[in-house]
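Reviewing the structure listed below.
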Amino acid sequence: MLNRIIKSTVNLSYKNKSLFQNSLVLQKRTFFNIVPDPSIGLTEDQKALQSAAVEFASEQLAPNAAKWDKEEIFPRDAMKKAAELGFGGLYVHSDYGGTQLSRMDTSLIIEALASADVSTAAYISIHNMCAGLIDKYGNADQKKKYLPKLVTMEHCASYCLTEPGAGSDAASLSTKAVRDGDHYILNGSKAFISGGGDAEIYLIMCRTGKEGPKGISCILVEKDTPGLSFGKKEEKLGWNTQPTRAVILEDCRVPVANLIGVEGQGFSIAMNALNGGRINIAAASLGGAQSALIFARDHVKDRKQFQQTLSNFQAIQFKLADMATQLYAARSMLRQAAALLDDPTVNNPHTYVAMAKLFTCDTCFKICDESLQLHGGYGYLKDYPVERFLRDTRVHRILEGSDAVMRILTSKDLLKDQ
């Protein structure tokens, strides 16, 4: 599977292509030939993975991203094409058709995809999080039944943790699953679910036991299960290429065979997923910020005021230098956190993941904002994609653990005595 991705980079001309074909400004830079270069420090195999993702983003995502955003299209055909490269089963074992990549390598792919379309890249990350959980915690029958169609993205998956009354305090969730013979009966609702109503597979975190995290289990619910329904499609600031709905469970009967892992393991499963999810969401922010920086650089080289291009003003030069420096720092921090998460000898890497997610998502949103500012009034127009990158990266400071939660996790570890 890895070889399949790497082979797709043979004879590519991506370094001479622009990811940004819909822009009104002259394009002189691409994903790779600008400071900071995202390929710096990578192995040859990692560069090949990154190149394959950039090529796919250039050909399949960039020409369509603005239309998908405007018309709120869930681009399933494009995602199936991504799956042909192995992007539908990034964590899944090769026995089930997966790519079986590390957190670090996966983050490179998500960053590259997000450089063209943050929203679609983010959904691909969520889908992979679910497939990865089934691969890691599911039994042989569950893997055989569900993973092949998830890996090809013939089926899509949704991660269902958040509830109307349980957001940052996820351990207080109230959706219940009561055992009834060979079935569980589920009642409750989940909020802000990406893919809700469109995905075929839902991983529901629900309460099978006592209050608190140890009473939570993970149960897989298929879309056509009686008792499962969905709220209205939410109207959102960004992330418009993926539908968001409430997931509603009313006396929803699910076979006990759909329990992922064992009873009481659900919160641990959910948190394990979020560590990787936080890396990927931050990587998507990096991709959006990289593109925003490219757009800003090209615009100030082209736009003239006071008889000279904006790039001749030292204030603009210093602003771009600060944006590039901040992006380089964020990328370096995130990749180190991903490497720690991949290292089995590192205890509790979640603190470093939290710090990296906090810094990267905040920094990259600010870079997108500064890019829009450098565009002046043009940046506020949808003819230019910087406003889309701004909208799509804003939610990254909220989901997969808000800025405040990242600070709680970090300060808790910092202040403990041992």
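So you can find residues: chains in the structure tokens are A, B, ... in the order shown, residues in each start at 1, and ligands are numbered from 1 in order.
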Near Thr152 of chain A, within 9 Å and counting only C-alpha atoms, which residues show up once chain neighbours fewer than 6 positions away are dropped, as a list in words?
Met79, Lys80, Lys81, Ala82, Ala83, Glu84, Gly86, Phe87, Gly88, Gly89, Gly97 and Gly98 of chain A
Selection export as a PDB file, in the first residue's frame, atoms kept: C-alpha atoms:
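Output (selection04.pdb):
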```
ATOM      1  CA  MET A  79     -12.801  11.087  -1.492  1.00  0.00           C
ATOM      2  CA  LYS A  80     -13.137   7.707  -3.203  1.00  0.00           C
ATOM      3  CA  LYS A  81     -10.358   8.794  -5.537  1.00  0.00           C
ATOM      4  CA  ALA A  82      -8.308   9.730  -2.477  1.00  0.00           C
ATOM      5  CA  ALA A  83      -8.958   6.238  -1.129  1.00  0.00           C
ATOM      6  CA  GLU A  84      -7.486   4.777  -4.310  1.00  0.00           C
ATOM      7  CA  GLY A  86      -4.603   4.706   0.268  1.00  0.00           C
ATOM      8  CA  PHE A  87      -5.953   7.820   1.995  1.00  0.00           C
ATOM      9  CA  GLY A  88      -9.119   6.059   3.250  1.00  0.00           C
ATOM     10  CA  GLY A  89      -7.308   3.683   5.593  1.00  0.00           C
ATOM     11  CA  GLY A  97      -6.366  -2.920   2.486  1.00  0.00           C
ATOM     12  CA  GLY A  98      -5.077  -0.115   4.675  1.00  0.00           C
TER      13      GLY A  98
END
```
Extract, using only C-alpha atoms, all DNA, RNA and protein residues at most 12 Å from Ala78 of chain A, discarding same-chain residues fewer than 3 positions from it, and format them as a PDB file with N, CA and C atoms, in the first residue's frame.
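Here's the written file out.pdb:
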```pdb
ATOM      1  N   PHE A  56      -2.498  15.038  -5.708  1.00  0.00           N
ATOM      2  CA  PHE A  56      -3.941  14.778  -5.647  1.00  0.00           C
ATOM      3  C   PHE A  56      -4.698  16.066  -5.317  1.00  0.00           C
ATOM      4  N   ALA A  57      -4.190  16.828  -4.362  1.00  0.00           N
ATOM      5  CA  ALA A  57      -4.843  18.079  -3.979  1.00  0.00           C
ATOM      6  C   ALA A  57      -4.916  19.042  -5.154  1.00  0.00           C
ATOM      7  N   GLU A  59      -4.914  18.334  -8.398  1.00  0.00           N
ATOM      8  CA  GLU A  59      -5.753  17.884  -9.507  1.00  0.00           C
ATOM      9  C   GLU A  59      -7.217  17.698  -9.125  1.00  0.00           C
ATOM     10  N   GLN A  60      -7.488  17.257  -7.887  1.00  0.00           N
ATOM     11  CA  GLN A  60      -8.845  16.873  -7.517  1.00  0.00           C
ATOM     12  C   GLN A  60      -9.546  17.843  -6.553  1.00  0.00           C
ATOM     13  N   LEU A  61      -8.799  18.501  -5.695  1.00  0.00           N
ATOM     14  CA  LEU A  61      -9.416  19.356  -4.673  1.00  0.00           C
ATOM     15  C   LEU A  61      -9.408  20.832  -5.053  1.00  0.00           C
ATOM     16  N   ALA A  62      -8.242  21.347  -5.410  1.00  0.00           N
ATOM     17  CA  ALA A  62      -8.120  22.789  -5.651  1.00  0.00           C
ATOM     18  C   ALA A  62      -9.096  23.325  -6.706  1.00  0.00           C
ATOM     19  N   PRO A  63      -9.282  22.633  -7.842  1.00  0.00           N
ATOM     20  CA  PRO A  63     -10.197  23.199  -8.852  1.00  0.00           C
ATOM     21  C   PRO A  63     -11.654  23.221  -8.416  1.00  0.00           C
ATOM     22  N   ASN A  64     -11.992  22.450  -7.384  1.00  0.00           N
ATOM     23  CA  ASN A  64     -13.395  22.292  -6.986  1.00  0.00           C
ATOM     24  C   ASN A  64     -13.728  22.856  -5.616  1.00  0.00           C
ATOM     25  N   ALA A  65     -12.719  23.198  -4.832  1.00  0.00           N
ATOM     26  CA  ALA A  65     -12.932  23.536  -3.422  1.00  0.00           C
ATOM     27  C   ALA A  65     -13.895  24.713  -3.234  1.00  0.00           C
ATOM     28  N   TRP A  68     -17.476  23.504  -3.994  1.00  0.00           N
ATOM     29  CA  TRP A  68     -17.961  22.628  -2.923  1.00  0.00           C
ATOM     30  C   TRP A  68     -18.324  23.442  -1.683  1.00  0.00           C
ATOM     31  N   ILE A  73     -21.283  20.961  -0.930  1.00  0.00           N
ATOM     32  CA  ILE A  73     -21.233  19.630  -1.535  1.00  0.00           C
ATOM     33  C   ILE A  73     -20.292  18.736  -0.731  1.00  0.00           C
ATOM     34  N   PHE A  74     -20.781  17.552  -0.393  1.00  0.00           N
ATOM     35  CA  PHE A  74     -19.968  16.538   0.272  1.00  0.00           C
ATOM     36  C   PHE A  74     -19.317  15.703  -0.841  1.00  0.00           C
ATOM     37  N   PRO A  75     -18.022  15.897  -1.111  1.00  0.00           N
ATOM     38  CA  PRO A  75     -17.408  15.363  -2.338  1.00  0.00           C
ATOM     39  C   PRO A  75     -17.015  13.886  -2.236  1.00  0.00           C
ATOM     40  N   LYS A  81     -11.607   8.717  -4.785  1.00  0.00           N
ATOM     41  CA  LYS A  81     -10.358   8.794  -5.537  1.00  0.00           C
ATOM     42  C   LYS A  81      -9.167   8.915  -4.578  1.00  0.00           C
ATOM     43  N   ALA A  82      -9.359   9.646  -3.488  1.00  0.00           N
ATOM     44  CA  ALA A  82      -8.308   9.730  -2.477  1.00  0.00           C
ATOM     45  C   ALA A  82      -8.033   8.348  -1.880  1.00  0.00           C
ATOM     46  N   ALA A  83      -9.101   7.586  -1.683  1.00  0.00           N
ATOM     47  CA  ALA A  83      -8.958   6.238  -1.129  1.00  0.00           C
ATOM     48  C   ALA A  83      -8.184   5.321  -2.064  1.00  0.00           C
ATOM     49  N   GLU A  84      -8.254   5.577  -3.358  1.00  0.00           N
ATOM     50  CA  GLU A  84      -7.486   4.777  -4.310  1.00  0.00           C
ATOM     51  C   GLU A  84      -5.981   4.940  -4.088  1.00  0.00           C
ATOM     52  N   LEU A  85      -5.590   6.063  -3.511  1.00  0.00           N
ATOM     53  CA  LEU A  85      -4.185   6.290  -3.152  1.00  0.00           C
ATOM     54  C   LEU A  85      -3.843   5.740  -1.772  1.00  0.00           C
ATOM     55  N   PHE A  87      -5.641   6.793   1.010  1.00  0.00           N
ATOM     56  CA  PHE A  87      -5.953   7.820   1.995  1.00  0.00           C
ATOM     57  C   PHE A  87      -7.232   7.531   2.785  1.00  0.00           C
ATOM     58  N   GLY A  88      -7.910   6.416   2.501  1.00  0.00           N
ATOM     59  CA  GLY A  88      -9.119   6.059   3.250  1.00  0.00           C
ATOM     60  C   GLY A  88      -8.859   5.144   4.422  1.00  0.00           C
ATOM     61  N   LEU A 113      -3.210  17.818   1.759  1.00  0.00           N
ATOM     62  CA  LEU A 113      -4.574  17.900   1.247  1.00  0.00           C
ATOM     63  C   LEU A 113      -5.230  19.211   1.662  1.00  0.00           C
ATOM     64  N   ASP A 117      -7.863  22.251   0.326  1.00  0.00           N
ATOM     65  CA  ASP A 117      -9.230  22.222   0.854  1.00  0.00           C
ATOM     66  C   ASP A 117      -9.188  21.733   2.301  1.00  0.00           C
ATOM     67  N   THR A 120     -12.412  19.395   3.465  1.00  0.00           N
ATOM     68  CA  THR A 120     -12.433  18.011   3.003  1.00  0.00           C
ATOM     69  C   THR A 120     -11.304  17.207   3.629  1.00  0.00           C
ATOM     70  N   ALA A 121     -10.136  17.820   3.766  1.00  0.00           N
ATOM     71  CA  ALA A 121      -9.016  17.144   4.424  1.00  0.00           C
ATOM     72  C   ALA A 121      -9.367  16.792   5.863  1.00  0.00           C
ATOM     73  N   ILE A 124     -11.611  13.745   5.930  1.00  0.00           N
ATOM     74  CA  ILE A 124     -10.819  12.543   5.672  1.00  0.00           C
ATOM     75  C   ILE A 124     -10.086  12.121   6.938  1.00  0.00           C
ATOM     76  N   THR A 152     -11.929   1.920   1.268  1.00  0.00           N
ATOM     77  CA  THR A 152     -12.186   2.440  -0.080  1.00  0.00           C
ATOM     78  C   THR A 152     -13.056   3.686  -0.068  1.00  0.00           C
ATOM     79  N   MET A 153     -13.564   4.051   1.098  1.00  0.00           N
ATOM     80  CA  MET A 153     -14.491   5.156   1.296  1.00  0.00           C
ATOM     81  C   MET A 153     -15.782   4.978   0.514  1.00  0.00           C
ATOM     82  N   GLU A 154     -16.100   3.725   0.169  1.00  0.00           N
ATOM     83  CA  GLU A 154     -17.453   3.422  -0.287  1.00  0.00           C
ATOM     84  C   GLU A 154     -18.423   3.713   0.845  1.00  0.00           C
ATOM     85  N   THR A 241     -17.890  21.636   3.189  1.00  0.00           N
ATOM     86  CA  THR A 241     -17.882  20.461   2.321  1.00  0.00           C
ATOM     87  C   THR A 241     -18.209  19.183   3.085  1.00  0.00           C
TER      88      THR A 241
END
```
Show me, as CSV, the residues of segment 23-59 of chain A having an atom within 12 Å of segment 333-345 of chain A, each with the closest atom pair and its distance in Å, using only C-alpha atoms.
```
residue,atom,partner,partner_atom,distance
A:Pro38,CA,A:Arg335,CA,10.8
A:Ser39,CA,A:Arg335,CA,11.7
A:Ile40,CA,A:Arg335,CA,11.5
A:Gly41,CA,A:Arg335,CA,10.3
A:Leu42,CA,A:Arg335,CA,10.3
```
Counting only C-alpha atoms, closest pick from A:Ser311, A:Gln142, A:Ser291, A:Ser217 relative to Phe267 of chain A is A:Ser217
Determine the nearest neighbour of Tyr123 of chain A from the options A:Gly376, A:Gly196, A:Gly209, A:Gly188, counting only C-alpha atoms.
A:Gly196
DSSP-assigned alpha helix (DSSP H) members of segment 298-387 of chain A, reported as a short mmCIF file (atom, residue, chain, number, x, y, z; two decimals) with C-alpha atoms, in the first residue's frame:
```cif
data_model
loop_
_atom_site.label_atom_id
_atom_site.label_comp_id
_atom_site.auth_asym_id
_atom_site.auth_seq_id
_atom_site.Cartn_x
_atom_site.Cartn_y
_atom_site.Cartn_z
CA ASP A 298 2.06 36.55 -4.43
CA HIS A 299 -0.46 39.32 -3.82
CA VAL A 300 2.02 41.79 -2.36
CA LYS A 301 4.43 41.05 -5.22
CA ASP A 302 1.67 41.91 -7.70
CA GLN A 314 9.58 47.07 4.82
CA ALA A 315 6.51 46.80 7.02
CA ILE A 316 5.07 44.26 4.57
CA GLN A 317 8.40 42.43 4.33
CA PHE A 318 8.61 42.10 8.10
CA LYS A 319 5.00 40.94 8.32
CA LEU A 320 5.68 38.15 5.82
CA ALA A 321 8.86 37.21 7.67
CA ASP A 322 6.92 36.93 10.93
CA MET A 323 4.23 34.79 9.26
CA ALA A 324 6.84 32.44 7.78
CA THR A 325 8.70 32.18 11.10
CA GLN A 326 5.51 31.42 13.02
CA LEU A 327 4.51 28.79 10.47
CA TYR A 328 7.92 27.13 10.67
CA ALA A 329 7.77 27.07 14.47
CA ALA A 330 4.26 25.60 14.48
CA ARG A 331 5.16 22.89 11.96
CA SER A 332 8.31 21.94 13.88
CA MET A 333 6.38 21.71 17.14
CA LEU A 334 3.59 19.64 15.64
CA ARG A 335 5.89 17.18 13.94
CA GLN A 336 7.81 16.62 17.15
CA ALA A 337 4.53 15.94 18.97
CA ALA A 338 3.51 13.47 16.24
CA ALA A 339 6.86 11.70 16.59
CA LEU A 340 6.35 11.46 20.36
CA LEU A 341 2.89 9.99 19.81
CA ASP A 342 4.42 7.37 17.51
CA HIS A 350 -0.84 13.79 25.30
CA THR A 351 0.54 16.90 27.01
CA TYR A 352 2.89 17.60 24.12
CA VAL A 353 0.10 16.88 21.66
CA ALA A 354 -2.11 19.36 23.54
CA MET A 355 0.57 22.07 23.50
CA ALA A 356 1.23 21.49 19.80
CA LYS A 357 -2.46 21.56 18.91
CA LEU A 358 -2.99 24.76 20.89
CA PHE A 359 -0.01 26.60 19.43
CA THR A 360 -0.42 25.35 15.86
CA CYS A 361 -4.14 26.01 15.48
CA ASP A 362 -3.92 29.46 17.07
CA THR A 363 -0.84 30.43 15.08
CA CYS A 364 -2.17 29.19 11.75
CA PHE A 365 -5.49 30.97 12.16
CA LYS A 366 -3.59 34.19 12.82
CA ILE A 367 -1.51 33.62 9.67
CA CYS A 368 -4.70 33.21 7.64
CA ASP A 369 -6.05 36.40 9.20
CA GLU A 370 -2.86 38.30 8.42
CA SER A 371 -2.98 37.01 4.84
CA LEU A 372 -6.50 38.36 4.44
CA GLN A 373 -5.37 41.68 5.91
CA LEU A 374 -2.52 41.91 3.41
CA HIS A 375 -5.02 41.43 0.61
CA VAL A 386 -7.93 33.35 1.69
CA GLU A 387 -11.32 34.02 3.26
#
```
Which of segment 138-305 of chain A end up as strand (DSSP E or B) when DSSP is run on this backbone - answer as a ChimeraX atom specification?
/A:157-160,163,166,176-180,183-194,201-207,216-222,228-230,244-255,259-260,304-305
